[in-house]
file work34.txt (compact mmCIF, C-alpha atoms)
# COMPACT_ATOMS: atom_id res chain seq x y z
CA MET A 1 -109.97 -46.91 -130.56
CA LYS A 2 -113.77 -47.11 -130.70
CA THR A 3 -114.00 -44.15 -128.34
CA THR A 4 -111.75 -42.10 -130.62
CA ILE A 5 -113.85 -42.93 -133.68
CA ILE A 6 -117.04 -41.99 -131.83
CA ILE A 7 -115.51 -38.67 -130.79
CA ILE A 8 -114.45 -37.97 -134.36
CA PHE A 9 -117.97 -38.69 -135.63
CA LEU A 10 -119.44 -36.43 -132.97
CA ILE A 11 -117.07 -33.61 -133.91
CA VAL A 12 -117.88 -34.01 -137.60
CA GLY A 13 -121.62 -34.13 -136.83
CA VAL A 14 -121.45 -30.97 -134.74
CA ALA A 15 -119.41 -29.24 -137.45
CA ILE A 16 -122.03 -30.12 -140.06
CA ILE A 17 -124.87 -28.86 -137.87
CA VAL A 18 -123.01 -25.61 -137.16
CA ALA A 19 -122.29 -25.17 -140.87
CA PHE A 20 -125.92 -25.59 -141.83
CA ASN A 21 -127.17 -23.32 -139.06
CA SER A 22 -124.65 -20.60 -139.88
CA GLY A 23 -125.85 -20.77 -143.47
CA THR A 24 -129.42 -19.95 -142.54
CA THR A 25 -131.13 -17.91 -145.26
CA SER A 26 -134.38 -16.04 -145.77
CA THR A 27 -136.51 -15.08 -148.76
CA THR A 28 -137.80 -11.63 -149.68
CA GLU A 29 -140.85 -11.27 -151.89
CA VAL A 30 -141.61 -7.96 -153.60
CA VAL A 31 -144.84 -7.30 -155.47
CA VAL A 32 -145.27 -4.21 -157.63
CA ILE A 33 -148.79 -3.12 -158.51
CA ARG A 34 -148.81 -0.43 -161.18
CA ASP A 35 -151.83 1.66 -162.15
CA ILE A 36 -151.91 2.09 -165.93
CA THR A 37 -155.29 3.83 -166.00
CA ASP A 38 -153.85 7.32 -165.42
CA THR A 39 -151.07 8.81 -167.52
CA GLN A 40 -149.87 11.03 -164.65
CA ILE A 41 -148.98 8.24 -162.22
CA THR A 42 -145.28 7.70 -161.50
CA GLN A 43 -144.02 4.51 -163.09
CA PRO A 44 -141.75 2.09 -161.18
CA ASN A 45 -138.32 1.02 -162.37
CA SER A 46 -135.88 -1.77 -161.55
CA THR A 47 -133.32 0.66 -160.08
CA ASP A 48 -135.71 1.38 -157.20
CA ILE A 49 -136.89 -2.20 -156.74
CA LEU A 50 -133.77 -4.40 -156.92
CA PRO A 51 -132.14 -2.93 -153.77
CA LEU A 52 -135.14 -4.13 -151.74
CA PHE A 53 -133.90 -7.71 -152.15
CA ASN A 54 -130.47 -6.77 -150.75
CA LEU A 55 -128.77 -9.55 -152.70
CA LYS A 56 -125.52 -7.58 -152.81
CA ASN A 57 -125.13 -8.09 -149.06
CA THR A 58 -127.06 -11.33 -148.61
CA GLN A 59 -126.23 -13.21 -151.78
CA TRP A 60 -127.45 -16.59 -150.55
CA ASP A 61 -130.95 -15.38 -149.69
CA GLY A 62 -133.94 -16.07 -151.88
CA ALA A 63 -135.89 -13.46 -153.84
CA LYS A 64 -139.30 -13.46 -155.51
CA PHE A 65 -140.60 -10.70 -157.77
CA ARG A 66 -144.12 -10.23 -159.11
CA TYR A 67 -145.54 -7.46 -161.28
CA VAL A 68 -149.27 -6.74 -161.62
CA ASP A 69 -151.14 -4.00 -163.50
CA ILE A 70 -154.17 -2.08 -162.25
CA THR A 71 -156.47 -1.73 -165.24
CA ASN A 72 -160.16 -1.24 -166.00
CA VAL A 73 -160.94 -4.90 -165.26
CA SER A 74 -160.59 -7.11 -162.18
CA TYR A 75 -157.94 -9.44 -163.61
CA SER A 76 -154.81 -8.65 -165.59
CA ARG A 77 -151.63 -10.44 -166.60
CA THR A 78 -148.91 -10.97 -164.04
CA PHE A 79 -145.16 -11.37 -164.54
CA GLU A 80 -142.91 -13.26 -162.15
CA THR A 81 -139.31 -14.31 -161.63
CA SER A 82 -137.40 -15.69 -158.65
CA ILE A 83 -134.15 -17.03 -157.29
CA ASP A 84 -134.08 -19.75 -154.64
CA ALA A 85 -132.15 -19.41 -151.39
CA GLU A 86 -129.02 -21.57 -151.09
CA ASN A 87 -126.79 -22.72 -148.25
CA GLN A 88 -123.46 -20.95 -148.67
CA TRP A 89 -121.53 -24.02 -147.45
CA MET A 90 -123.10 -26.17 -150.14
CA GLY A 91 -123.15 -23.64 -152.97
CA ASN A 92 -120.68 -22.30 -155.49
CA GLU A 93 -120.09 -18.55 -155.15
CA PHE A 94 -119.27 -18.05 -158.83
CA GLU A 95 -122.44 -19.86 -159.91
CA ARG A 96 -124.43 -17.94 -157.31
CA GLN A 97 -123.33 -14.61 -158.74
CA LYS A 98 -124.40 -15.78 -162.19
CA LYS A 99 -127.85 -16.68 -160.83
CA ILE A 100 -128.19 -13.28 -159.14
CA LYS A 101 -127.17 -11.54 -162.35
CA ASN A 102 -129.79 -13.52 -164.28
CA PHE A 103 -132.44 -12.68 -161.69
CA ASN A 104 -131.61 -8.95 -161.91
CA THR A 105 -131.72 -9.15 -165.69
CA GLU A 106 -135.14 -10.82 -165.62
CA VAL A 107 -136.53 -8.18 -163.28
CA SER A 108 -135.18 -5.39 -165.48
CA LYS A 109 -136.60 -7.12 -168.56
CA ILE A 110 -140.08 -7.17 -167.00
CA PHE A 111 -139.90 -3.43 -166.32
CA SER A 112 -138.68 -2.74 -169.85
CA GLU A 113 -141.50 -4.73 -171.41
CA LYS A 114 -144.15 -3.15 -169.18
CA ALA A 115 -142.87 0.34 -169.99
CA THR A 116 -144.09 -0.09 -173.58
CA GLU A 117 -147.72 -0.63 -172.54
CA THR A 118 -150.39 1.89 -173.47
CA ILE A 119 -151.30 3.99 -170.43
CA GLY A 120 -154.62 5.71 -169.85
CA LEU A 121 -158.06 4.08 -169.48
CA ASP A 122 -161.55 5.39 -168.81
CA ASN A 123 -162.22 3.20 -165.76
CA SER A 124 -160.10 2.00 -162.83
CA VAL A 125 -160.55 -1.17 -160.76
CA ILE A 126 -158.24 -0.46 -157.84
CA TYR A 127 -159.28 -2.34 -154.71
CA THR A 128 -159.82 -5.80 -156.19
CA PRO A 129 -156.30 -6.49 -157.56
CA ILE A 130 -154.71 -4.98 -154.44
CA ALA A 131 -156.81 -7.17 -152.13
CA ARG A 132 -156.13 -10.31 -154.16
CA GLU A 133 -152.39 -9.72 -154.15
CA LEU A 134 -152.35 -9.03 -150.41
CA ASN A 135 -154.31 -12.20 -149.63
CA ARG A 136 -151.97 -14.21 -151.85
CA LEU A 137 -148.89 -12.60 -150.33
CA TYR A 138 -149.94 -13.36 -146.77
CA LYS A 139 -150.37 -17.07 -147.57
CA ASN A 140 -146.89 -17.31 -149.06
CA SER A 141 -144.00 -18.62 -146.98
CA SER A 142 -141.58 -15.77 -147.74
CA ASP A 143 -139.85 -14.31 -144.67
CA LYS A 144 -140.07 -10.68 -145.80
CA LYS A 145 -143.05 -9.43 -147.82
CA ILE A 146 -143.28 -6.05 -149.53
CA LEU A 147 -146.09 -4.65 -151.68
CA LEU A 148 -145.60 -1.43 -153.64
CA ILE A 149 -148.69 0.28 -155.02
CA TYR A 150 -148.08 2.90 -157.72
CA SER A 151 -151.52 4.49 -157.93
CA ASN A 152 -153.68 7.46 -157.01
CA LEU A 153 -156.15 4.87 -155.63
CA MET A 154 -159.07 6.55 -157.40
CA GLU A 155 -161.53 3.72 -157.92
CA ASN A 156 -163.65 4.50 -160.96
CA THR A 157 -166.30 1.93 -161.74
CA LYS A 158 -170.03 2.12 -162.37
CA GLU A 159 -170.75 1.05 -158.80
CA MET A 160 -168.06 3.05 -157.01
CA SER A 161 -166.36 6.10 -158.47
CA PHE A 162 -164.30 8.35 -156.21
CA TYR A 163 -164.47 11.00 -158.92
CA GLU A 164 -168.09 11.49 -157.87
CA LYS A 165 -168.24 13.99 -155.01
CA LYS A 166 -170.93 11.94 -153.25
CA LYS A 167 -168.74 8.83 -153.15
CA LEU A 168 -165.61 10.74 -152.16
CA ASP A 169 -167.53 12.37 -149.31
CA LEU A 170 -168.45 8.88 -148.06
CA LEU A 171 -164.76 8.22 -147.45
CA LYS A 172 -164.73 11.19 -145.06
CA THR A 173 -168.11 10.77 -143.36
CA LYS A 174 -168.89 7.04 -143.59
CA PRO A 175 -165.70 5.18 -144.54
CA GLU A 176 -167.08 1.98 -143.03
CA SER A 177 -169.77 1.83 -145.73
CA VAL A 178 -167.12 1.95 -148.47
CA ARG A 179 -165.05 -0.63 -146.61
CA LYS A 180 -168.03 -3.01 -146.39
CA TYR A 181 -168.71 -2.58 -150.10
CA PHE A 182 -165.11 -3.38 -151.04
CA GLU A 183 -164.86 -6.38 -148.73
CA SER A 184 -168.11 -7.74 -150.15
CA GLN A 185 -166.22 -7.94 -153.47
CA VAL A 186 -162.99 -9.43 -152.09
CA PRO A 187 -162.71 -10.09 -148.33
CA LEU A 188 -159.35 -8.94 -147.01
CA GLY A 189 -157.60 -11.33 -144.63
CA ASP A 190 -154.90 -10.86 -142.01
CA LEU A 191 -151.90 -8.92 -143.36
CA THR A 192 -149.45 -9.41 -140.50
CA GLY A 193 -145.84 -9.23 -141.68
CA ILE A 194 -146.55 -7.30 -144.90
CA LYS A 195 -144.99 -3.91 -145.55
CA ILE A 196 -147.02 -1.77 -147.97
CA TYR A 197 -145.86 1.36 -149.79
CA ILE A 198 -148.47 3.59 -151.43
CA LEU A 199 -146.52 5.68 -153.94
CA PHE A 200 -147.97 8.71 -155.67
CA GLN A 201 -147.14 12.34 -156.38
CA ALA A 202 -150.15 14.62 -156.80
CA ASN A 203 -150.30 17.12 -159.63
CA GLY A 204 -152.03 20.14 -158.14
CA ILE A 205 -154.05 21.03 -155.04
CA LYS A 206 -157.28 19.27 -156.03
CA GLU A 207 -155.56 16.00 -156.81
CA ASN A 208 -153.56 16.27 -153.62
CA GLU A 209 -156.73 16.68 -151.52
CA GLN A 210 -158.34 13.71 -153.24
CA PHE A 211 -155.31 11.55 -152.63
CA LYS A 212 -155.12 12.52 -148.95
CA ILE A 213 -158.69 11.33 -148.46
CA VAL A 214 -158.37 8.09 -150.43
CA SER A 215 -154.89 7.15 -149.19
CA GLY A 216 -156.01 7.82 -145.63
CA PHE A 217 -158.90 5.42 -146.13
CA TYR A 218 -156.62 2.71 -147.50
CA LYS A 219 -154.03 3.23 -144.76
CA SER A 220 -156.69 2.82 -142.08
CA LEU A 221 -158.16 -0.25 -143.78
CA LEU A 222 -154.83 -2.01 -144.31
CA GLU A 223 -153.47 -1.19 -140.87
CA SER A 224 -156.65 -2.59 -139.31
CA LYS A 225 -155.56 -5.89 -140.91
CA ASN A 226 -152.11 -5.59 -139.23
CA ALA A 227 -150.12 -4.43 -142.27
CA GLN A 228 -147.43 -1.75 -142.04
CA VAL A 229 -148.31 1.09 -144.40
CA GLU A 230 -146.21 3.97 -145.65
CA ILE A 231 -147.45 6.70 -148.01
CA ALA A 232 -144.70 8.36 -150.00
CA VAL A 233 -143.62 9.73 -153.36
CA ASN A 234 -140.99 7.04 -153.90
CA VAL A 235 -139.67 3.97 -152.13
CA ASN A 236 -136.24 5.43 -151.31
call {"tool": "encode", "arguments": {"input": "work34.txt", "output": "structure tokens"}}
result
Amino acid sequence: MKTTIIIIFLIVGVAIIVAFNSGTTSTTEVVVIRDITDTQITQPNSTDILPLFNLKNTQWDGAKFRYVDITNVSYSRTFETSIDAENQWMGNEFERQKKIKNFNTEVSKIFSEKATETIGLDNSVIYTPIARELNRLYKNSSDKKILLIYSNLMENTKEMSFYEKKKLDLLKTKPESVRKYFESQVPLGDLTGIKIYILFQANGIKENEQFKIVSGFYKSLLESKNAQVEIAVNVN
């Protein structure tokens, strides 16, 4: 009798372990950095961003969303929302769908509110907010990390303006000097495991040439820190 009880407990224990292991989940974190200093820059929307979480196919996974503006100062307001991962064997599917719907609504609400902001500023602090977000993202425990940068990357401060031909030429002839300047402001750590999209559509030949130079600099810099970098017009 005791042997039978022990066997039953073992079977139940194994079943519980299998159930928990088969319910293994992961968390995806997506950060959107939007440049509001230039009126011509493509603006992100929730329709492009929500599919990155893939909650339609992996409904028990976790998701974190963060939205940051690039402005004319080093710090700006951030907006966040998230949904925790759950074990499917311990969760309620109906309640889970409600939570996902609420998460999607919150993400869409953030985009709607940000769309009403005034766009167009005289100066642009580009590198600093990008570097801060990347350093923060690397330290987070999320399994999948994605950063989307909607910007022409044209730094425009008193100390470093890529609109000055002399400074733009530095990116071609002595990119290391620009890199050292930027990293003296905010050192950039290891970016292993982070996928970065640089998203911009140039308006004309001159702008296109500028963006090729600047985006090439950023791609080289970020890849040297072990990030995966893709330059494109949109995320899809």
call {"tool": "residues_around", "arguments": {"input": "work34.txt", "residues": "region 114-122 of chain A", "least_positions_apart": "5", "cutoff": "10 Å", "atoms": "all atoms listed in the file", "output": "compact mmCIF listing (two decimals) with C-alpha atoms, in the frame of the given file"}}
result
# COMPACT_ATOMS: atom_id res chain seq x y z
CA ARG A 34 -148.81 -0.43 -161.18
CA ASP A 35 -151.83 1.66 -162.15
CA ILE A 36 -151.91 2.09 -165.93
CA THR A 37 -155.29 3.83 -166.00
CA ASP A 38 -153.85 7.32 -165.42
CA THR A 39 -151.07 8.81 -167.52
CA GLN A 40 -149.87 11.03 -164.65
CA ILE A 41 -148.98 8.24 -162.22
CA GLN A 43 -144.02 4.51 -163.09
CA PRO A 44 -141.75 2.09 -161.18
CA ASN A 45 -138.32 1.02 -162.37
CA TYR A 67 -145.54 -7.46 -161.28
CA VAL A 68 -149.27 -6.74 -161.62
CA ASP A 69 -151.14 -4.00 -163.50
CA THR A 71 -156.47 -1.73 -165.24
CA ASN A 72 -160.16 -1.24 -166.00
CA PHE A 79 -145.16 -11.37 -164.54
CA SER A 108 -135.18 -5.39 -165.48
CA LYS A 109 -136.60 -7.12 -168.56
CA ASN A 156 -163.65 4.50 -160.96
CA THR A 157 -166.30 1.93 -161.74
call {"tool": "residues_around", "arguments": {"input": "work34.txt", "residues": "Glu223 (chain A)", "least_positions_apart": "4", "cutoff": "10 Å", "atoms": "all atoms listed in the file", "output": "number ranges by chain"}}
result
A: 190-192, 196, 218-219, 227-229
call {"tool": "residues_around", "arguments": {"input": "work34.txt", "residues": "Phe200 (chain A)", "least_positions_apart": "6", "cutoff": "9 Å", "atoms": "only C-alpha atoms", "output": "list in words"}}
result
Ile41, Thr42, Ile149, Tyr150, Ser151, Asn152, Phe211, Ile231, Ala232, Val233 and Asn234 of chain A
call {"tool": "closest_residue", "arguments": {"input": "work34.txt", "among": "A:Ser74, A:Asn236, A:Glu80, A:Ala85", "to": "Asp143 (chain A)", "atoms": "only C-alpha atoms"}}
result
A:Ala85
call {"tool": "residues_near_point", "arguments": {"input": "work34.txt", "point": "(-149.5, -10.5, -154.6)", "cutoff": "9 Å", "atoms": "all atoms listed in the file", "output": "ChimeraX atom specification"}}
result
/A:30-33,66-68,129-138,147
call {"tool": "atom_distance", "arguments": {"input": "work34.txt", "atom1": "CA of Phe182 (chain A)", "atom2": "CA of Ile198 (chain A)"}}
result
18.0 Å
call {"tool": "closest_residue", "arguments": {"input": "work34.txt", "among": "A:Glu207, A:Asp61, A:Glu86, A:Glu95", "to": "Leu153 (chain A)", "atoms": "all atoms listed in the file"}}
result
A:Glu207
call {"tool": "atom_distance", "arguments": {"input": "work34.txt", "atom1": "CA of Gln88 (chain A)", "atom2": "CA of Lys145 (chain A)"}}
result
22.7 Å
call {"tool": "atom_distance", "arguments": {"input": "work34.txt", "atom1": "CA of Ser46 (chain A)", "atom2": "CA of Lys101 (chain A)"}}
result
13.1 Å
call {"tool": "closest_residue", "arguments": {"input": "work34.txt", "among": "A:Leu55, A:Leu222, A:Met154, A:Ile146", "to": "Pro187 (chain A)", "atoms": "all atoms listed in the file"}}
result
A:Leu222
call {"tool": "closest_residue", "arguments": {"input": "work34.txt", "among": "A:Thr28, A:Ser124, A:Ser112, A:Thr78", "to": "Lys144 (chain A)", "atoms": "only C-alpha atoms"}}
result
A:Thr28
call {"tool": "closest_residue", "arguments": {"input": "work34.txt", "among": "A:Lys139, A:Leu52, A:Leu221, A:Ile70", "to": "Lys180 (chain A)", "atoms": "all atoms listed in the file"}}
result
A:Leu221
call {"tool": "build_atoms", "arguments": {"input": "work34.txt", "residues": "region 90-126 of chain A", "atoms": "N, CA and C atoms", "output": "JSON list (two decimals), in the coordinates of the input"}}
result
[["chain", "number", "residue", "atom", "x", "y", "z"],
["A", 90, "MET", "N", -122.84, -25.15, -149.13],
["A", 90, "MET", "CA", -123.10, -26.17, -150.14],
["A", 90, "MET", "C", -123.10, -25.60, -151.55],
["A", 91, "GLY", "N", -123.05, -24.28, -151.66],
["A", 91, "GLY", "CA", -123.15, -23.64, -152.97],
["A", 91, "GLY", "C", -121.81, -23.20, -153.53],
["A", 92, "ASN", "N", -121.86, -22.80, -154.79],
["A", 92, "ASN", "CA", -120.68, -22.30, -155.49],
["A", 92, "ASN", "C", -120.86, -20.80, -155.68],
["A", 93, "GLU", "N", -119.93, -20.00, -155.14],
["A", 93, "GLU", "CA", -120.09, -18.55, -155.15],
["A", 93, "GLU", "C", -120.12, -17.98, -156.57],
["A", 94, "PHE", "N", -119.29, -18.53, -157.44],
["A", 94, "PHE", "CA", -119.27, -18.05, -158.83],
["A", 94, "PHE", "C", -120.62, -18.31, -159.50],
["A", 95, "GLU", "N", -121.14, -19.52, -159.32],
["A", 95, "GLU", "CA", -122.44, -19.86, -159.91],
["A", 95, "GLU", "C", -123.55, -19.02, -159.29],
["A", 96, "ARG", "N", -123.41, -18.74, -157.99],
["A", 96, "ARG", "CA", -124.43, -17.94, -157.31],
["A", 96, "ARG", "C", -124.49, -16.53, -157.89],
["A", 97, "GLN", "N", -123.37, -15.95, -158.16],
["A", 97, "GLN", "CA", -123.33, -14.61, -158.74],
["A", 97, "GLN", "C", -123.96, -14.60, -160.13],
["A", 98, "LYS", "N", -123.78, -15.67, -160.88],
["A", 98, "LYS", "CA", -124.40, -15.78, -162.19],
["A", 98, "LYS", "C", -125.93, -15.83, -162.05],
["A", 99, "LYS", "N", -126.40, -16.57, -161.06],
["A", 99, "LYS", "CA", -127.85, -16.68, -160.83],
["A", 99, "LYS", "C", -128.44, -15.33, -160.42],
["A", 100, "ILE", "N", -127.72, -14.61, -159.57],
["A", 100, "ILE", "CA", -128.19, -13.28, -159.14],
["A", 100, "ILE", "C", -128.24, -12.34, -160.33],
["A", 101, "LYS", "N", -127.21, -12.39, -161.17],
["A", 101, "LYS", "CA", -127.17, -11.54, -162.35],
["A", 101, "LYS", "C", -128.35, -11.85, -163.28],
["A", 102, "ASN", "N", -128.66, -13.13, -163.44],
["A", 102, "ASN", "CA", -129.79, -13.52, -164.28],
["A", 102, "ASN", "C", -131.11, -13.05, -163.69],
["A", 103, "PHE", "N", -131.22, -13.14, -162.36],
["A", 103, "PHE", "CA", -132.44, -12.68, -161.69],
["A", 103, "PHE", "C", -132.62, -11.18, -161.91],
["A", 104, "ASN", "N", -131.55, -10.41, -161.69],
["A", 104, "ASN", "CA", -131.61, -8.95, -161.91],
["A", 104, "ASN", "C", -131.98, -8.61, -163.34],
["A", 105, "THR", "N", -131.43, -9.37, -164.27],
["A", 105, "THR", "CA", -131.72, -9.15, -165.69],
["A", 105, "THR", "C", -133.19, -9.41, -165.99],
["A", 106, "GLU", "N", -133.73, -10.49, -165.41],
["A", 106, "GLU", "CA", -135.14, -10.82, -165.62],
["A", 106, "GLU", "C", -136.07, -9.76, -165.05],
["A", 107, "VAL", "N", -135.73, -9.25, -163.87],
["A", 107, "VAL", "CA", -136.53, -8.18, -163.28],
["A", 107, "VAL", "C", -136.50, -6.94, -164.17],
["A", 108, "SER", "N", -135.32, -6.57, -164.61],
["A", 108, "SER", "CA", -135.18, -5.39, -165.48],
["A", 108, "SER", "C", -135.92, -5.59, -166.80],
["A", 109, "LYS", "N", -135.91, -6.81, -167.31],
["A", 109, "LYS", "CA", -136.60, -7.12, -168.56],
["A", 109, "LYS", "C", -138.11, -6.92, -168.40],
["A", 110, "ILE", "N", -138.65, -7.34, -167.25],
["A", 110, "ILE", "CA", -140.08, -7.17, -167.00],
["A", 110, "ILE", "C", -140.44, -5.69, -167.02],
["A", 111, "PHE", "N", -139.63, -4.87, -166.34],
["A", 111, "PHE", "CA", -139.90, -3.43, -166.32],
["A", 111, "PHE", "C", -139.81, -2.83, -167.72],
["A", 112, "SER", "N", -138.85, -3.27, -168.49],
["A", 112, "SER", "CA", -138.68, -2.74, -169.85],
["A", 112, "SER", "C", -139.88, -3.08, -170.72],
["A", 113, "GLU", "N", -140.36, -4.31, -170.61],
["A", 113, "GLU", "CA", -141.50, -4.73, -171.41],
["A", 113, "GLU", "C", -142.77, -4.00, -170.98],
["A", 114, "LYS", "N", -142.95, -3.82, -169.67],
["A", 114, "LYS", "CA", -144.15, -3.15, -169.18],
["A", 114, "LYS", "C", -144.15, -1.66, -169.51],
["A", 115, "ALA", "N", -142.97, -1.09, -169.68],
["A", 115, "ALA", "CA", -142.87, 0.34, -169.99],
["A", 115, "ALA", "C", -143.43, 0.67, -171.37],
["A", 116, "THR", "N", -143.58, -0.33, -172.22],
["A", 116, "THR", "CA", -144.09, -0.09, -173.58],
["A", 116, "THR", "C", -145.62, -0.17, -173.65],
["A", 117, "GLU", "N", -146.27, -0.50, -172.54],
["A", 117, "GLU", "CA", -147.72, -0.63, -172.54],
["A", 117, "GLU", "C", -148.40, 0.72, -172.74],
["A", 118, "THR", "N", -149.58, 0.68, -173.34],
["A", 118, "THR", "CA", -150.39, 1.89, -173.47],
["A", 118, "THR", "C", -150.97, 2.26, -172.11],
["A", 119, "ILE", "N", -150.82, 3.52, -171.73],
["A", 119, "ILE", "CA", -151.30, 3.99, -170.43],
["A", 119, "ILE", "C", -152.46, 4.96, -170.63],
["A", 120, "GLY", "N", -153.47, 4.83, -169.77],
["A", 120, "GLY", "CA", -154.62, 5.71, -169.85],
["A", 120, "GLY", "C", -155.89, 4.96, -170.22],
["A", 121, "LEU", "N", -156.80, 4.79, -169.25],
["A", 121, "LEU", "CA", -158.06, 4.08, -169.48],
["A", 121, "LEU", "C", -159.20, 4.87, -168.84],
["A", 122, "ASP", "N", -160.41, 4.63, -169.32],
["A", 122, "ASP", "CA", -161.55, 5.39, -168.81],
["A", 122, "ASP", "C", -161.96, 4.98, -167.40],
["A", 123, "ASN", "N", -161.81, 3.69, -167.08],
["A", 123, "ASN", "CA", -162.22, 3.20, -165.76],
["A", 123, "ASN", "C", -161.02, 2.62, -165.00],
["A", 124, "SER", "N", -161.18, 2.50, -163.68],
["A", 124, "SER", "CA", -160.10, 2.00, -162.83],
["A", 124, "SER", "C", -160.65, 1.05, -161.78],
["A", 125, "VAL", "N", -160.21, -0.21, -161.81],
["A", 125, "VAL", "CA", -160.55, -1.17, -160.76],
["A", 125, "VAL", "C", -159.34, -1.26, -159.85],
["A", 126, "ILE", "N", -159.41, -0.61, -158.71],
["A", 126, "ILE", "CA", -158.24, -0.46, -157.84],
["A", 126, "ILE", "C", -158.22, -1.48, -156.70]]
